[in-house]
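Quick notes on the structure that follows.
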Protein chains: 2
Amino acid sequence: MSKATISDVARKVGVSESTVSRFISGYKVRNAKRISRAIKDLDYRPNIVARNLKTGRTGLIAVVVPDITNPFFASLVRGAEIAAGDEYMIQLINTGDDLERENWALKRMIGRVDGVIYVPLQESSEAISEKVLGSLPLVFVDRVLTKSNAFDSVLADNCQGGFLAASRLIELGHKSIAIISGPQSSTPGRERAIGFNKALKEKGIVQNSQYFRESDFTSLGGYQAMSGLLSLKARPTAVFIANNLMTIGALKALKEHRISVPEDMAVIGFDDHEISDLIDPPLTVISRDAHLQGALAMATLLERIRGINQFPPKQIKVEVNLVVRKSCGSTCHHRNGEEAKFKDTLSALTLT
Amino acid sequence: MSKATISDVARKVGVSESTVSRFISGYKVRNAKRISRAIKDLDYRPNIVARNLKTGRTGLIAVVVPDITNPFFASLVRGAEIAAGDEYMIQLINTGDDLERENWALKRMIGRVDGVIYVPLQESSEAISEKVLGSLPLVFVDRVLTKSNAFDSVLADNCQGGFLAASRLIELGHKSIAIISGPQSSTPGRERAIGFNKALKEKGIVQNSQYFRESDFTSLGGYQAMSGLLSLKARPTAVFIANNLMTIGALKALKEHRISVPEDMAVIGFDDHEISDLIDPPLTVISRDAHLQGALAMATLLERIRGINQFPPKQIKVEVNLVVRKSCGSTCHHRNGEEAKFKDTLSALTLT
DNA sequence: TTGTAAGCGTTATCAG
DNA sequence: CTGATAACGCTTACAA
């Protein structure tokens, strides 16, 4: 039984509790050896909760994500955990795209954790009170709450992602390019669409309003959006699908309709996966380093918690890359030149 | 600031701390309304840590998995979280296939959490001390530690899975059937191989020892194992790959060697995924309900924690299913009959 | 119903 | 370096 307390140890050795406490904290004490033995003998383990009460720290960081079964968030969490090292452990909360649950979870975190890594569902949730946000060290990752620019954030370069995708499709000669976008109420939904539209505008392509489908980042949503696109009289010849799950759904729709990719529909997705090149056809995507994003979020949060000279909120951007495979169509002969050009447009890691 | 304590509230209202405490715990108190107001006014939130110290509970369940980026574990964790409801939250630990870290993590959980859902890396880890295991309510999921049969467990019906896979391949006419197995030191590695071999034996197929490749449940391992198989003079014509990650690696090897599936190599994997039927060719797999497995583990653990009449250790088995797609070869005309037969061999959910 | 008081197991302070 | 002693903020007998 782990019932032994510090006072049991103290009594057994014949010193005070304080001395044992100091020994545990790594200070030099006279009876170190005897204390160490008594601890072993009694199988004493410090009561963490009591320690937490005294010190006011918990050693816990909450990571609040929409859904851990989305591989991107899984990698994000893993990256965060690795960056946390030995000192902090992770409390995981899935909000399941439920605003109420999100608010509930955030509230509960107060006093239970030392900080929060937070992927908010929408950029403006009235439900999330300022008070809650103000009660905790917090960093946004992947998405932000726009009402609070007082926090650190670690975002992907979403605009650049949308821009790269559209540019690629345009260069391949497409004029009718659709986008299956995420919710415009969310950061990546909005920003990826912005980058996409920017490329179209710059290249002088006028966008058919039918070709903009706002969806919800789910597989089903992607399926429906693609079905909608396919029911159009004037179908697009290419599509950028703004996240991984929607891409899965969209590909299913294409498969069902026996549309051949990329001949009849060129496809670029968002977020890479080990399986992407086993798909038929291998999927061209905009990729980013999810582990890195999680790790940067954790590192920033820990700096903030440790109060390292109170820096102003950091807005960190993680680079995105175009990974060319077959789903976007012929990898034309000047491909290498193109890729070099793309590379130039990327900053390895932009800290603002 | 969340600095207000219960005594601030008590003072403001002019009652004792105990009264406020009772109010919070839902008891009827005379000044309920005034207390409620004071709590709002002061923005008082109970200090959870102090409460935990007093009550001896933390409201935290540790979930220790090898790697959350494996979709199976992600679903498992999600299922567990859902089953936890509002009362318990999840502390996530990835062991990253590192026995030392696993032991470290488990030790750290003592006193920090109310219970552990645990996917051990090996069936016999000397590193994990009995003492640690005995200090916590614990349920094994997906894998077990054989030295401790004193715990509840929730496993998939792995034997049946291996058996179904092999049977299918045999029925399709294959005689040279390989298996890329997980580590024999792990529960699913061992059991799936057992079921596989059992089917071969029953159907009178003598196994070429070259066709048994023990690997490590990683994608790279699967890649190497498949490469080994392909380098054989007498290649097998079919292969059962005993987990999801190894299947990805194996498919990559097949692709690189331009082996056409299923014509030159029939493939059955383990664990389904939404993407499995987008792969080229769509992947036949043994599937199971990962959410359910996680949820059952959590439910069992909570029962145990709540001490619901001290039932003996439960060994729960979750059914597996054969999901037939194209990678295992021609879905012959008597397919429906076959599937019905398979169904019969499955118990919906076996509680032992 | 309410208040008093005694802890829960640590760590922090302060004098020695 | 050590030992009293006082918190940390809450819950829970116990008595009123």
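Naming scheme: A, B, ... for chains in displayed order of the structure tokens; residues 1 onward per chain; ligands 1 onward as shown.
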query: Any idea what's packed within 8 Å of region 149-165 of chain B, counting only C-alpha atoms (C1' of nucleotides), ignoring anything in its chain fewer than 3 positions away? Could you give it as a VMD selection string?
result: chain B and resid 138 to 146 168 to 169 188 191 to 199 240 242 268 285 to 286 288 293 296 to 297 300 to 301 313 to 322 342
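What chain B places within 12 Å of chain D, counting only C-alpha atoms (C1' of nucleotides), is B:Lys3, B:Ala4, B:Thr5, B:Ile6, B:Ser7, B:Asp8, B:Glu17, B:Ser18, B:Thr19, B:Val20, B:Ser21, B:Arg22, B:Ile24, B:Ser25, B:Arg45, B:Pro46, B:Asn47, B:Ile48, B:Val49, B:Ala50, B:Arg51, B:Asn52, B:Leu53, B:Lys54, B:Thr55, B:Gly56.
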field: Spatial neighbours of Gln122 (chain A), 12 Å, only C-alpha atoms (C1' of nucleotides), chain gap at least 6 places, as number ranges by chain
entry: A: 66, 95, 97-99, 102-103, 128, 140, 142-147, 182-190, 216
Near chain A, which residues of chain B fall within 6 Å when you count only C-alpha atoms, and what do they look like as a compact mmCIF listing (two decimals) with N, CA and C atoms, in the first residue's frame?
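As written to disk, part_31.txt reads:
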# COMPACT_ATOMS: atom_id res chain seq x y z
N VAL B 49 -7.64 20.80 -6.57
CA VAL B 49 -6.53 20.07 -5.96
C VAL B 49 -6.77 19.90 -4.46
N ALA B 50 -7.25 20.96 -3.84
CA ALA B 50 -7.53 20.87 -2.41
C ALA B 50 -8.62 19.83 -2.16
N LEU B 53 -7.17 16.40 -2.49
CA LEU B 53 -6.35 16.02 -1.34
C LEU B 53 -7.25 15.49 -0.23
N ILE B 68 -0.41 7.26 -30.07
CA ILE B 68 -1.72 7.80 -30.42
C ILE B 68 -1.87 8.07 -31.92
N THR B 69 -0.75 8.15 -32.63
CA THR B 69 -0.88 8.39 -34.08
C THR B 69 -1.27 7.13 -34.83
N ALA B 74 -6.00 5.81 -31.42
CA ALA B 74 -6.76 7.07 -31.37
C ALA B 74 -8.24 6.78 -31.14
N SER B 75 -8.76 5.81 -31.87
CA SER B 75 -10.17 5.45 -31.70
C SER B 75 -10.42 4.85 -30.33
N ILE B 90 -9.24 12.35 -19.08
CA ILE B 90 -8.20 11.42 -19.50
C ILE B 90 -6.82 12.04 -19.51
N GLN B 91 -5.91 11.34 -18.90
CA GLN B 91 -4.52 11.73 -19.02
C GLN B 91 -3.86 10.77 -19.98
N LEU B 92 -3.32 11.30 -21.05
CA LEU B 92 -2.79 10.47 -22.13
C LEU B 92 -1.29 10.31 -22.02
N LEU B 278 -10.19 3.23 -50.35
CA LEU B 278 -9.66 4.16 -51.36
C LEU B 278 -8.29 3.72 -51.83
N ILE B 279 -7.73 2.77 -51.09
CA ILE B 279 -6.42 2.26 -51.46
C ILE B 279 -6.54 1.46 -52.75
N ASP B 280 -5.41 1.36 -53.44
CA ASP B 280 -5.40 0.61 -54.68
C ASP B 280 -4.64 -0.68 -54.48
message: Quick check: residues of chain C within 10 Å of chain A, only C-alpha atoms (C1' of nucleotides), returned as a list in words.
response: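 My answer is DC8, DG9, DT10, DT11 and DA12 of chain C.
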message: I need the residues in region 111-320 of chain A that are alpha helix (DSSP H) according to DSSP; give them as a PyMOL selection string.
response: chain A and resi 130-134+158-171+187-202+219-230+244-256+290-305
message: One number please: CA of Met265 (chain B) to CA of Glu256 (chain A), in Å, one decimal.
response: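 Going from CA of Met265 (chain B) over to CA of Glu256 (chain A) covers 25.9 Å.
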- prompt: Any idea what's packed within 8 Å of Ile305 (chain B), counting only C-alpha atoms (C1' of nucleotides), ignoring anything in its chain fewer than 3 positions away? Could you give it as a list in words?
  reply: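 Final neighbour list, sorted by chain and number: Asp114, Gly115, Pro137, Leu301, Leu302 and Ile308 of chain B.
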task: Could you find all residues in region 197-275 of chain B that DSSP calls strand (DSSP E) from the backbone, and write them as a PyMOL selection string?
output: chain B and resi 212-214+238-241+266-270
Gap from CA of Asp289 (chain B) to CA of Ser215 (chain B) - Å, one decimal: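 So the two atoms, CA of Asp289 (chain B) and CA of Ser215 (chain B), lie 23.8 Å apart.
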query: Which distance in Å separates CA of Tyr211 (chain B) and CA of Phe270 (chain B), to one decimal?
result: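 Here the two named atoms are 17.6 Å from each other.
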Need to verify the contact set: DT1 (chain C), 10 Å, only C-alpha atoms (C1' of nucleotides), exclusion of same-chain residues closer than 5 positions in sequence. Can you return it as a short mmCIF file (atom, residue, chain, number, x, y, z; two decimals) with C-alpha atoms, in the first residue's frame?
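File produced: out.cif:
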data_model
loop_
_atom_site.label_atom_id
_atom_site.label_comp_id
_atom_site.auth_asym_id
_atom_site.auth_seq_id
_atom_site.Cartn_x
_atom_site.Cartn_y
_atom_site.Cartn_z
CA THR B 19 -22.14 25.73 4.73
CA TYR B 27 -27.18 20.03 -0.03
CA LYS B 28 -30.02 22.25 0.96
CA VAL B 29 -28.87 25.30 2.86
CA ARG B 30 -30.78 28.28 4.12
#
